[in-house]
file data_3.cif (mmCIF, C-alpha atoms)
data_upload
loop_
_atom_site.label_atom_id
_atom_site.label_comp_id
_atom_site.auth_asym_id
_atom_site.auth_seq_id
_atom_site.Cartn_x
_atom_site.Cartn_y
_atom_site.Cartn_z
CA MET A 29 -42.70 134.02 60.29
CA SER A 30 -42.15 131.16 62.76
CA LYS A 31 -39.21 128.81 62.48
CA GLN A 32 -41.56 125.92 61.72
CA LYS A 33 -43.22 127.92 58.94
CA GLU A 34 -39.83 128.80 57.40
CA CYS A 35 -38.93 125.11 57.21
CA GLU A 36 -42.09 124.44 55.18
CA VAL A 37 -40.96 126.86 52.44
CA LEU A 38 -38.98 124.92 49.89
CA ARG A 39 -35.67 126.30 48.67
CA LYS A 40 -35.77 125.93 44.89
CA THR A 41 -32.51 124.38 43.72
CA SER A 42 -30.92 122.70 40.74
CA VAL A 43 -29.23 120.06 42.90
CA GLY A 44 -29.74 116.51 41.65
CA GLY A 45 -28.16 113.12 42.01
CA GLU A 46 -27.99 109.43 41.22
CA ALA A 47 -27.82 106.27 43.30
CA LEU A 48 -24.72 104.13 42.79
CA ILE A 49 -23.15 100.94 44.18
CA GLU A 50 -22.91 101.70 47.92
CA GLY A 51 -22.82 105.38 47.08
CA ILE A 52 -24.51 108.49 45.72
CA MET A 53 -23.45 110.99 43.09
CA MET A 54 -24.65 114.58 43.55
CA ARG A 55 -24.53 117.48 41.07
CA GLY A 56 -24.51 121.04 42.38
CA PRO A 57 -22.94 124.50 41.95
CA LYS A 58 -19.52 123.19 43.00
CA GLY A 59 -19.60 120.37 40.43
CA SER A 60 -20.30 116.65 40.67
CA ALA A 61 -19.13 114.50 43.57
CA VAL A 62 -19.38 110.82 44.44
CA ALA A 63 -19.60 109.70 48.07
CA CYS A 64 -19.18 105.97 48.70
CA ARG A 65 -19.03 103.67 51.69
CA LEU A 66 -15.76 101.77 51.37
CA PRO A 67 -15.48 98.09 52.38
CA SER A 68 -13.55 99.35 55.43
CA GLY A 69 -16.63 101.28 56.55
CA GLU A 70 -15.22 104.74 55.87
CA ILE A 71 -16.92 107.35 53.66
CA GLU A 72 -14.84 108.58 50.72
CA THR A 73 -15.88 111.57 48.64
CA GLU A 74 -14.36 112.35 45.26
CA PHE A 75 -15.13 115.01 42.66
CA LEU A 76 -15.68 113.96 39.05
CA GLU A 77 -13.83 115.72 36.25
CA TYR A 78 -16.48 116.23 33.59
CA LYS A 79 -17.20 119.19 31.34
CA PRO A 80 -20.91 119.16 30.40
CA ILE A 81 -21.79 119.29 26.71
CA SER A 82 -24.36 121.97 27.55
CA THR A 83 -21.55 124.44 28.38
CA LYS A 84 -19.95 124.27 24.92
CA THR A 85 -22.41 126.61 23.19
CA LYS A 86 -25.34 128.84 24.13
CA PHE A 87 -27.53 126.94 21.66
CA PHE A 88 -27.50 123.91 23.98
CA LYS A 89 -29.04 126.03 26.74
CA ILE A 90 -32.13 127.00 24.73
CA PRO A 91 -35.38 125.61 26.23
CA ILE A 92 -36.42 122.28 24.66
CA VAL A 93 -32.91 121.84 23.17
CA ARG A 94 -31.34 121.73 26.64
CA GLY A 95 -33.54 118.79 27.63
CA PHE A 96 -31.96 116.33 25.20
CA VAL A 97 -28.45 117.74 25.78
CA ASN A 98 -28.80 117.45 29.56
CA PHE A 99 -30.03 113.88 29.13
CA ILE A 100 -26.83 112.99 27.26
CA ASP A 101 -24.78 114.74 29.94
CA SER A 102 -26.58 112.79 32.66
CA MET A 103 -25.97 109.49 30.87
CA LEU A 104 -22.23 110.13 30.44
CA LEU A 105 -21.74 111.52 33.94
CA GLY A 106 -23.82 108.74 35.50
CA TYR A 107 -21.80 106.08 33.71
CA LYS A 108 -18.56 107.63 34.93
CA ALA A 109 -19.88 107.83 38.50
CA LEU A 110 -21.08 104.21 38.39
CA MET A 111 -17.66 102.98 37.27
CA LEU A 112 -16.01 104.96 40.07
CA SER A 113 -18.33 103.49 42.70
CA ALA A 114 -17.61 99.98 41.39
CA GLN A 115 -13.87 100.60 41.70
CA LYS A 116 -14.26 101.82 45.28
CA GLN A 117 -16.03 98.59 46.19
CA GLY A 118 -13.05 96.59 44.97
CA ILE A 119 -14.78 95.30 41.84
CA GLU A 120 -11.50 95.16 39.94
CA ASP A 121 -9.61 92.70 37.81
CA ASP A 122 -7.07 91.96 40.59
CA ASP A 123 -9.80 90.17 42.54
CA ILE A 124 -10.62 87.77 39.69
CA ASN A 125 -9.70 84.12 40.05
CA GLU A 126 -8.40 83.22 36.58
CA GLU A 127 -8.93 79.49 37.20
CA GLU A 128 -12.68 80.09 37.34
CA LEU A 129 -12.80 82.14 34.14
CA SER A 130 -14.22 80.88 30.87
CA LYS A 131 -12.22 81.05 27.62
CA PHE A 132 -14.10 84.18 26.61
CA ASP A 133 -13.36 85.87 29.97
CA LYS A 134 -9.66 85.03 29.61
CA TRP A 135 -9.67 86.43 26.06
CA LEU A 136 -11.13 89.70 27.39
CA LEU A 137 -8.46 89.89 30.09
CA ASP A 138 -5.65 89.17 27.63
CA HIS A 139 -6.78 91.81 25.14
CA PHE A 140 -8.08 94.58 27.42
CA GLY A 141 -6.24 94.01 30.70
CA ASP A 142 -7.22 96.45 33.45
CA LYS A 143 -9.81 98.06 31.16
CA VAL A 144 -11.90 94.89 30.91
CA MET A 145 -14.56 96.13 33.37
CA SER A 146 -15.05 99.31 31.34
CA VAL A 147 -15.29 97.29 28.11
CA VAL A 148 -17.84 94.88 29.58
CA SER A 149 -19.87 97.77 31.02
CA THR A 150 -19.83 99.60 27.68
CA VAL A 151 -20.97 96.50 25.81
CA GLY A 152 -23.68 96.01 28.40
CA MET A 153 -24.85 99.60 27.97
CA VAL A 154 -24.98 99.23 24.17
CA PHE A 155 -26.90 95.98 24.53
CA GLY A 156 -29.26 97.68 26.95
CA LEU A 157 -29.93 100.49 24.48
CA LEU A 158 -30.60 97.95 21.73
CA LEU A 159 -32.97 96.06 23.99
CA ALA A 160 -34.71 99.30 24.91
CA PHE A 161 -35.17 100.08 21.20
CA LEU A 162 -36.72 96.67 20.56
CA LEU A 163 -39.04 96.86 23.56
CA PHE A 164 -40.08 100.51 23.36
CA PHE A 165 -40.17 101.13 19.60
CA TRP A 166 -40.32 97.93 17.59
CA MET A 167 -42.47 95.66 19.76
CA PRO A 168 -45.46 98.02 20.29
CA THR A 169 -45.53 98.87 16.57
CA PHE A 170 -45.20 95.22 15.54
CA LEU A 171 -48.01 94.10 17.86
CA PHE A 172 -50.33 96.84 16.69
CA GLN A 173 -49.56 96.00 13.08
CA ALA A 174 -50.42 92.35 13.70
CA ILE A 175 -53.64 93.21 15.52
CA SER A 176 -54.78 95.76 12.92
CA VAL A 177 -54.14 93.44 9.97
CA GLY A 178 -55.75 90.52 11.75
CA THR A 179 -58.79 92.60 12.66
CA ALA A 180 -59.11 93.92 9.11
CA LYS A 181 -58.93 90.41 7.64
CA GLY A 182 -61.50 89.22 10.14
CA PHE A 183 -63.95 91.95 9.16
CA GLY A 184 -63.26 91.33 5.50
CA TRP A 185 -64.07 87.62 5.94
CA LEU A 186 -67.24 88.53 7.86
CA PHE A 187 -68.44 90.93 5.18
CA GLN A 188 -67.67 88.44 2.42
CA ASN A 189 -69.58 85.58 4.04
CA PHE A 190 -72.64 87.69 4.70
CA GLY A 191 -72.69 89.05 1.18
CA LEU A 192 -72.11 92.63 2.26
CA LEU A 193 -68.90 92.99 0.33
CA PHE A 194 -67.92 91.37 -2.95
CA GLY A 195 -64.26 90.70 -3.62
CA LYS A 196 -61.35 89.85 -1.36
CA GLY A 197 -62.05 92.34 1.42
CA GLU A 198 -59.15 94.63 0.48
CA VAL A 199 -61.34 97.74 0.50
CA ILE A 200 -62.64 97.17 4.02
CA LYS A 201 -59.12 96.24 5.15
CA ALA A 202 -57.72 99.53 3.91
CA ILE A 203 -60.56 101.56 5.44
CA LEU A 204 -60.20 99.89 8.82
CA ALA A 205 -56.41 100.04 8.85
CA ALA A 206 -56.08 103.65 7.75
CA SER A 207 -59.13 105.29 9.32
CA ALA A 208 -60.63 103.29 12.16
CA LEU A 209 -57.57 101.76 13.81
CA ALA A 210 -54.99 104.52 13.34
CA PRO A 211 -56.27 106.79 16.16
CA PHE A 212 -55.91 103.90 18.62
CA LYS A 213 -52.32 103.18 17.64
CA ALA A 214 -50.77 105.93 19.75
CA LEU A 215 -52.74 104.95 22.84
CA PHE A 216 -52.03 101.24 22.35
CA GLU A 217 -48.29 101.74 21.90
CA GLY A 218 -48.04 104.28 24.72
CA VAL A 219 -49.84 102.07 27.23
CA LEU A 220 -47.76 99.07 26.14
CA ARG A 221 -44.51 101.03 26.67
CA MET A 222 -45.64 102.04 30.12
CA LEU A 223 -46.50 98.45 30.99
CA ILE A 224 -43.09 97.26 29.71
CA PHE A 225 -41.34 99.92 31.78
CA ILE A 226 -43.33 99.09 34.92
CA LEU A 227 -42.80 95.34 34.44
CA TYR A 228 -39.05 95.89 34.01
CA ILE A 229 -38.87 97.92 37.23
CA VAL A 230 -40.93 95.35 39.14
CA ILE A 231 -38.66 92.50 37.98
CA ILE A 232 -35.34 94.18 38.80
CA SER A 233 -36.68 95.49 42.14
CA ARG A 234 -36.80 91.86 43.29
CA MET A 235 -33.01 91.62 43.07
CA LYS A 236 -31.23 92.07 46.39
CA ASP A 237 -28.47 94.30 45.02
CA ILE A 238 -30.97 96.53 43.21
CA GLN A 239 -33.04 96.89 46.38
CA ARG A 240 -29.90 98.23 48.05
CA VAL A 241 -29.41 100.74 45.21
CA PHE A 242 -33.06 101.81 45.52
CA GLN A 243 -32.44 102.55 49.21
CA TYR A 244 -29.62 104.88 48.20
CA HIS A 245 -32.02 106.41 45.67
CA GLY A 246 -34.48 107.08 48.49
CA ALA A 247 -31.71 108.57 50.64
CA GLU A 248 -30.70 110.86 47.77
CA HIS A 249 -34.23 112.27 47.47
CA LYS A 250 -34.70 112.63 51.24
CA THR A 251 -31.38 114.47 51.58
CA ILE A 252 -32.25 116.92 48.79
CA PHE A 253 -35.67 117.55 50.33
CA CYS A 254 -34.03 118.24 53.71
CA TYR A 255 -31.74 120.79 52.07
CA GLU A 256 -34.57 122.39 50.09
CA LYS A 257 -36.54 122.89 53.32
CA GLY A 258 -33.62 124.76 54.84
CA LEU A 259 -33.09 122.20 57.59
CA PRO A 260 -29.66 121.23 58.95
CA LEU A 261 -28.33 118.17 57.15
CA THR A 262 -28.51 115.65 59.98
CA VAL A 263 -29.47 111.99 59.84
CA GLU A 264 -32.60 112.62 61.92
CA ASN A 265 -33.79 115.52 59.73
CA VAL A 266 -33.20 113.54 56.52
CA LYS A 267 -35.07 110.54 57.93
CA ASN A 268 -38.21 112.62 58.38
CA GLN A 269 -38.40 113.62 54.69
CA VAL A 270 -40.40 111.86 51.99
CA ARG A 271 -38.54 109.84 49.38
CA PHE A 272 -40.58 110.94 46.34
CA HIS A 273 -39.17 113.93 44.43
CA PRO A 274 -40.77 115.61 41.36
CA ARG A 275 -37.37 116.13 39.64
CA CYS A 276 -36.47 112.43 39.69
CA GLY A 277 -35.27 110.61 36.56
CA THR A 278 -38.14 108.14 36.97
CA SER A 279 -40.62 111.02 36.64
CA PHE A 280 -38.68 112.27 33.60
CA ILE A 281 -39.05 108.90 31.81
CA PHE A 282 -42.76 108.76 32.58
CA MET A 283 -43.16 112.33 31.35
CA ILE A 284 -41.52 111.39 28.04
CA LEU A 285 -43.92 108.45 27.69
CA ILE A 286 -46.91 110.73 28.24
CA VAL A 287 -45.62 113.34 25.78
CA SER A 288 -44.98 110.60 23.19
CA ILE A 289 -48.61 109.46 23.45
CA ILE A 290 -49.81 113.02 22.78
CA PHE A 291 -47.45 113.44 19.80
CA SER A 292 -48.34 110.03 18.36
CA THR A 293 -52.05 110.73 18.68
CA ILE A 294 -51.70 113.98 16.74
CA LEU A 295 -49.67 112.24 14.03
CA SER A 296 -52.24 109.45 13.80
CA TYR A 297 -54.81 111.98 12.54
CA ILE A 298 -52.36 113.71 10.20
CA MET A 299 -50.95 110.61 8.47
CA PRO A 300 -53.05 107.53 9.37
CA GLU A 301 -51.96 105.43 6.36
CA VAL A 302 -48.25 105.86 7.10
CA ILE A 303 -48.67 105.08 10.78
CA VAL A 304 -50.63 101.89 10.33
CA GLN A 305 -49.22 100.44 7.11
CA THR A 306 -45.56 101.56 7.04
CA ARG A 307 -44.04 100.15 10.21
CA MET A 308 -40.37 101.12 9.77
CA LEU A 309 -41.21 104.67 8.65
CA TRP A 310 -43.39 105.10 11.73
CA ILE A 311 -40.56 103.88 13.97
CA ALA A 312 -38.11 106.24 12.23
CA ILE A 313 -40.45 109.20 12.76
CA LYS A 314 -40.72 108.42 16.48
CA ILE A 315 -36.95 108.17 16.85
CA LEU A 316 -36.45 111.49 15.08
CA LEU A 317 -39.02 113.11 17.37
CA LEU A 318 -37.45 111.64 20.52
CA PRO A 319 -35.13 114.63 21.19
CA LEU A 320 -38.12 116.97 20.92
CA MET A 321 -40.20 114.82 23.29
CA MET A 322 -37.28 114.67 25.75
CA GLY A 323 -36.97 118.44 25.57
CA ILE A 324 -40.63 118.98 26.35
CA GLY A 325 -40.53 116.40 29.14
CA TYR A 326 -37.48 118.10 30.64
CA GLU A 327 -39.18 121.52 30.63
CA LEU A 328 -42.23 120.05 32.36
CA ILE A 329 -40.08 118.40 35.03
CA LYS A 330 -38.13 121.64 35.49
CA TYR A 331 -41.39 123.56 35.85
CA ALA A 332 -42.65 121.00 38.38
CA GLY A 333 -39.51 121.53 40.44
CA LYS A 334 -40.20 125.28 40.69
CA HIS A 335 -43.98 125.36 41.19
CA ASP A 336 -46.72 123.72 43.21
CA ASN A 337 -50.16 123.94 41.66
CA VAL A 338 -52.93 121.69 40.34
CA PHE A 339 -51.27 121.27 36.92
CA VAL A 340 -47.94 120.28 38.51
CA ARG A 341 -49.61 117.78 40.83
CA ILE A 342 -51.44 116.18 37.90
CA VAL A 343 -48.43 115.83 35.57
CA SER A 344 -46.17 114.73 38.45
CA ALA A 345 -48.54 112.08 39.83
CA PRO A 346 -47.56 109.15 37.52
CA GLY A 347 -43.82 109.65 38.08
CA LEU A 348 -44.23 110.06 41.84
CA TRP A 349 -46.27 106.86 41.92
CA MET A 350 -43.55 105.00 40.02
CA GLN A 351 -41.01 106.14 42.59
CA ARG A 352 -42.72 103.81 45.05
CA LEU A 353 -40.97 101.10 43.03
CA THR A 354 -37.65 102.81 42.26
CA THR A 355 -36.99 104.21 45.75
CA LYS A 356 -36.92 102.46 49.12
CA GLU A 357 -36.64 103.73 52.66
CA PRO A 358 -32.99 103.53 53.82
CA SER A 359 -32.64 100.54 56.15
CA GLU A 360 -29.76 102.07 58.10
CA ASP A 361 -28.32 105.45 59.04
CA ALA A 362 -25.12 104.64 57.13
CA ILE A 363 -27.00 105.03 53.83
CA ILE A 364 -28.34 108.44 54.83
CA GLU A 365 -24.84 109.52 55.85
CA ILE A 366 -23.71 108.90 52.27
CA GLY A 367 -26.48 111.17 50.97
CA ILE A 368 -25.46 113.93 53.36
CA ALA A 369 -21.74 113.62 52.51
CA SER A 370 -22.37 113.75 48.74
CA LEU A 371 -24.69 116.77 49.00
CA GLN A 372 -22.41 118.74 51.34
CA ALA A 373 -19.60 118.33 48.83
CA VAL A 374 -21.42 120.19 46.03
CA ILE A 375 -23.44 122.95 47.75
CA THR A 376 -22.22 126.42 48.71
CA ASP A 377 -22.62 128.48 51.87
CA ASN A 378 -25.00 130.78 50.00
CA PRO A 379 -28.30 129.00 49.11
CA GLU A 380 -28.94 131.59 46.38
CA ASP A 381 -26.08 130.10 44.38
CA ASP A 382 -27.97 126.80 44.21
CA SER A 383 -31.22 128.26 42.84
CA ILE A 384 -32.66 127.08 39.55
#

call {"tool": "encode", "arguments": {"input": "data_3.cif", "output": "structure tokens"}}
result
Amino acid sequence: MSKQKECEVLRKTSVGGEALIEGIMMRGPKGSAVACRLPSGEIETEFLEYKPISTKTKFFKIPIVRGFVNFIDSMLLGYKALMLSAQKQGIEDDDINEEELSKFDKWLLDHFGDKVMSVVSTVGMVFGLLLAFLLFFWMPTFLFQAISVGTAKGFGWLFQNFGLLFGKGEVIKAILAASALAPFKALFEGVLRMLIFILYIVIISRMKDIQRVFQYHGAEHKTIFCYEKGLPLTVENVKNQVRFHPRCGTSFIFMILIVSIIFSTILSYIMPEVIVQTRMLWIAIKILLLPLMMGIGYELIKYAGKHDNVFVRIVSAPGLWMQRLTTKEPSEDAIIEIGIASLQAVITDNPEDDSI
């Protein structure tokens, strides 16, 4: 086999990462490491002390179950890495001009001192989760409820005025709500969630700081691809790689959205009355099923990372398309150097140790 042909054979690995503030966090067989570009221009690499939840019991490693557990691990580890990258950029309380602070800011400093950044970040994360709940669970259900009731009333009024139905239209309302509109609920909510997610990404991608983070995201993917192809980790080799990777978190989110549509569609035929008429119960059911949907989405992403066939290309297509928004080409070699430094810190000399 020629050298060129060998480079085209992907090395299947479990290496993954996350873009940070002027840095990249990589996870590999040696652990998790953060490489950041300091304000002085130097690259500093530091390992993160974190014991994954998935290592506490064998149950957490069972297929489907491991998907939700690994998601929690990724959230906690990512938050820790983000705080570390912020500290390395000098985003600390010592740099704050107290004369420019509001009363609320001063109260936070007085009560939490040097932990104020962590407190603010935690509150922001909680607020973000609440906002995500409202946008992804409550809003689609509320809008569908309003449309279904409005449509039912409209048909009831039409039937009444044309003498086709005597009474107040409650019979036709119930039939339409429970039978005719229920199958469309899953599709309506799923499409709306996707549109909300895409709109959110489009809006934040306009921010200058986020565009910089997206460049690091692109460098992370390109560096992993370079390693998976068995090429030396040089700036030039990394530059030549694509920035769209099937095991990206963006693809994972899109996979969950697709799986949720399938689950919701099945439920709409099993319990149409509950889905259409009992809004809070329907939301509760979706929340309870979320770990299962995450687990299935995780297994599909994991499968996509190990295989290349028609099925994989189909299920990976939406997530890879979305990465055109969440990743950018690195504008300078310095960004790629961070990707290389973070990856070199977590891989071993034996590629077999990094296999999935």

call {"tool": "resolve_selection", "arguments": {"input": "data_3.cif", "expression": "the PyMOL selection byres ((chain A and resi 108) around 12)", "output": "ChimeraX atom specification"}}
result
/A:46,48,53,60-62,75-78,101-107,109-115,146,149-150

call {"tool": "atom_distance", "arguments": {"input": "data_3.cif", "atom1": "CA of Phe87 in chain A", "atom2": "CA of Pro57 in chain A"}}
result
20.9 Å

call {"tool": "closest_residue", "arguments": {"input": "data_3.cif", "among": "A:Thr83, A:Asn337, A:Thr376, A:Ser359", "to": "Lys267 in chain A", "atoms": "all atoms listed in the file"}}
result
A:Ser359

call {"tool": "resolve_selection", "arguments": {"input": "data_3.cif", "expression": "the PyMOL selection byres ((chain A and resi 254) around 12)", "output": "short mmCIF file (atom, residue, chain, number, x, y, z; two decimals) with C-alpha atoms, in the frame of the given file"}}
result
data_model
loop_
_atom_site.label_atom_id
_atom_site.label_comp_id
_atom_site.auth_asym_id
_atom_site.auth_seq_id
_atom_site.Cartn_x
_atom_site.Cartn_y
_atom_site.Cartn_z
CA CYS A 35 -38.93 125.11 57.21
CA GLU A 36 -42.09 124.44 55.18
CA VAL A 37 -40.96 126.86 52.44
CA LEU A 38 -38.98 124.92 49.89
CA ARG A 39 -35.67 126.30 48.67
CA LYS A 40 -35.77 125.93 44.89
CA THR A 41 -32.51 124.38 43.72
CA VAL A 43 -29.23 120.06 42.90
CA ALA A 247 -31.71 108.57 50.64
CA GLU A 248 -30.70 110.86 47.77
CA HIS A 249 -34.23 112.27 47.47
CA LYS A 250 -34.70 112.63 51.24
CA THR A 251 -31.38 114.47 51.58
CA ILE A 252 -32.25 116.92 48.79
CA PHE A 253 -35.67 117.55 50.33
CA TYR A 255 -31.74 120.79 52.07
CA GLU A 256 -34.57 122.39 50.09
CA LYS A 257 -36.54 122.89 53.32
CA GLY A 258 -33.62 124.76 54.84
CA LEU A 259 -33.09 122.20 57.59
CA PRO A 260 -29.66 121.23 58.95
CA LEU A 261 -28.33 118.17 57.15
CA THR A 262 -28.51 115.65 59.98
CA VAL A 263 -29.47 111.99 59.84
CA GLU A 264 -32.60 112.62 61.92
CA ASN A 265 -33.79 115.52 59.73
CA VAL A 266 -33.20 113.54 56.52
CA LYS A 267 -35.07 110.54 57.93
CA ASN A 268 -38.21 112.62 58.38
CA GLN A 269 -38.40 113.62 54.69
CA VAL A 270 -40.40 111.86 51.99
CA ARG A 271 -38.54 109.84 49.38
CA HIS A 273 -39.17 113.93 44.43
CA ILE A 364 -28.34 108.44 54.83
CA GLY A 367 -26.48 111.17 50.97
CA ILE A 368 -25.46 113.93 53.36
CA LEU A 371 -24.69 116.77 49.00
CA GLN A 372 -22.41 118.74 51.34
#

call {"tool": "residues_around", "arguments": {"input": "data_3.cif", "residues": "range 352-357 of chain A", "least_positions_apart": "6", "cutoff": "8 Å", "atoms": "only C-alpha atoms", "output": "count of residues only"}}
result
13

call {"tool": "atom_distance", "arguments": {"input": "data_3.cif", "atom1": "CA of Pro319 in chain A", "atom2": "CA of Lys89 in chain A"}}
result
14.1 Å

call {"tool": "atom_distance", "arguments": {"input": "data_3.cif", "atom1": "CA of Met350 in chain A", "atom2": "CA of Arg240 in chain A"}}
result
17.2 Å

call {"tool": "resolve_selection", "arguments": {"input": "data_3.cif", "expression": "the PyMOL selection byres ((chain A and resi 94) around 10)", "output": "PyMOL selection string"}}
result
chain A and resi 81-82+86-93+95-100+319+322-324+326-327

call {"tool": "write_last_selection", "arguments": {"input": "data_3.cif", "atoms": "C-alpha atoms", "output": "PDB file, in the frame of the given file"}}
result
ATOM      1  CA  ILE A  81     -21.790 119.290  26.710  1.00  0.00           C
ATOM      2  CA  SER A  82     -24.360 121.970  27.550  1.00  0.00           C
ATOM      3  CA  LYS A  86     -25.340 128.840  24.130  1.00  0.00           C
ATOM      4  CA  PHE A  87     -27.530 126.940  21.660  1.00  0.00           C
ATOM      5  CA  PHE A  88     -27.500 123.910  23.980  1.00  0.00           C
ATOM      6  CA  LYS A  89     -29.040 126.030  26.740  1.00  0.00           C
ATOM      7  CA  ILE A  90     -32.130 127.000  24.730  1.00  0.00           C
ATOM      8  CA  PRO A  91     -35.380 125.610  26.230  1.00  0.00           C
ATOM      9  CA  ILE A  92     -36.420 122.280  24.660  1.00  0.00           C
ATOM     10  CA  VAL A  93     -32.910 121.840  23.170  1.00  0.00           C
ATOM     11  CA  GLY A  95     -33.540 118.790  27.630  1.00  0.00           C
ATOM     12  CA  PHE A  96     -31.960 116.330  25.200  1.00  0.00           C
ATOM     13  CA  VAL A  97     -28.450 117.740  25.780  1.00  0.00           C
ATOM     14  CA  ASN A  98     -28.800 117.450  29.560  1.00  0.00           C
ATOM     15  CA  PHE A  99     -30.030 113.880  29.130  1.00  0.00           C
ATOM     16  CA  ILE A 100     -26.830 112.990  27.260  1.00  0.00           C
ATOM     17  CA  PRO A 319     -35.130 114.630  21.190  1.00  0.00           C
ATOM     18  CA  MET A 322     -37.280 114.670  25.750  1.00  0.00           C
ATOM     19  CA  GLY A 323     -36.970 118.440  25.570  1.00  0.00           C
ATOM     20  CA  ILE A 324     -40.630 118.980  26.350  1.00  0.00           C
ATOM     21  CA  TYR A 326     -37.480 118.100  30.640  1.00  0.00           C
ATOM     22  CA  GLU A 327     -39.180 121.520  30.630  1.00  0.00           C
TER      23      GLU A 327
END

call {"tool": "closest_residue", "arguments": {"input": "data_3.cif", "among": "A:Ser296, A:Ser370, A:Thr73, A:Ser68", "to": "Gly45 in chain A", "atoms": "only C-alpha atoms"}}
result
A:Ser370

call {"tool": "residues_around", "arguments": {"input": "data_3.cif", "residues": "Gly44 in chain A", "least_positions_apart": "5", "cutoff": "7 Å", "atoms": "all atoms listed in the file", "output": "list in words"}}
result
Met54, Arg55 and Gly56 of chain A

call {"tool": "closest_residue", "arguments": {"input": "data_3.cif", "among": "A:Leu215, A:Thr85, A:Ser42, A:Pro67", "to": "Thr293 in chain A", "atoms": "all atoms listed in the file"}}
result
A:Leu215

call {"tool": "closest_residue", "arguments": {"input": "data_3.cif", "among": "A:Pro346, A:Gly69, A:Gly333, A:Gly59", "to": "Ile363 in chain A", "atoms": "all atoms listed in the file"}}
result
A:Gly69

call {"tool": "residues_around", "arguments": {"input": "data_3.cif", "residues": "Ala345 in chain A", "least_positions_apart": "6", "cutoff": "12 Å", "atoms": "all atoms listed in the file", "output": "PyMOL selection string"}}
result
chain A and resi 272-275+278-280+282-283+286+329+332+338-339+351-352

call {"tool": "write_last_selection", "arguments": {"input": "data_3.cif", "atoms": "C-alpha atoms", "output": "PDB file, in the coordinates of the input"}}
result
ATOM      1  CA  PHE A 272     -40.580 110.940  46.340  1.00  0.00           C
ATOM      2  CA  HIS A 273     -39.170 113.930  44.430  1.00  0.00           C
ATOM      3  CA  PRO A 274     -40.770 115.610  41.360  1.00  0.00           C
ATOM      4  CA  ARG A 275     -37.370 116.130  39.640  1.00  0.00           C
ATOM      5  CA  THR A 278     -38.140 108.140  36.970  1.00  0.00           C
ATOM      6  CA  SER A 279     -40.620 111.020  36.640  1.00  0.00           C
ATOM      7  CA  PHE A 280     -38.680 112.270  33.600  1.00  0.00           C
ATOM      8  CA  PHE A 282     -42.760 108.760  32.580  1.00  0.00           C
ATOM      9  CA  MET A 283     -43.160 112.330  31.350  1.00  0.00           C
ATOM     10  CA  ILE A 286     -46.910 110.730  28.240  1.00  0.00           C
ATOM     11  CA  ILE A 329     -40.080 118.400  35.030  1.00  0.00           C
ATOM     12  CA  ALA A 332     -42.650 121.000  38.380  1.00  0.00           C
ATOM     13  CA  VAL A 338     -52.930 121.690  40.340  1.00  0.00           C
ATOM     14  CA  PHE A 339     -51.270 121.270  36.920  1.00  0.00           C
ATOM     15  CA  GLN A 351     -41.010 106.140  42.590  1.00  0.00           C
ATOM     16  CA  ARG A 352     -42.720 103.810  45.050  1.00  0.00           C
TER      17      ARG A 352
END
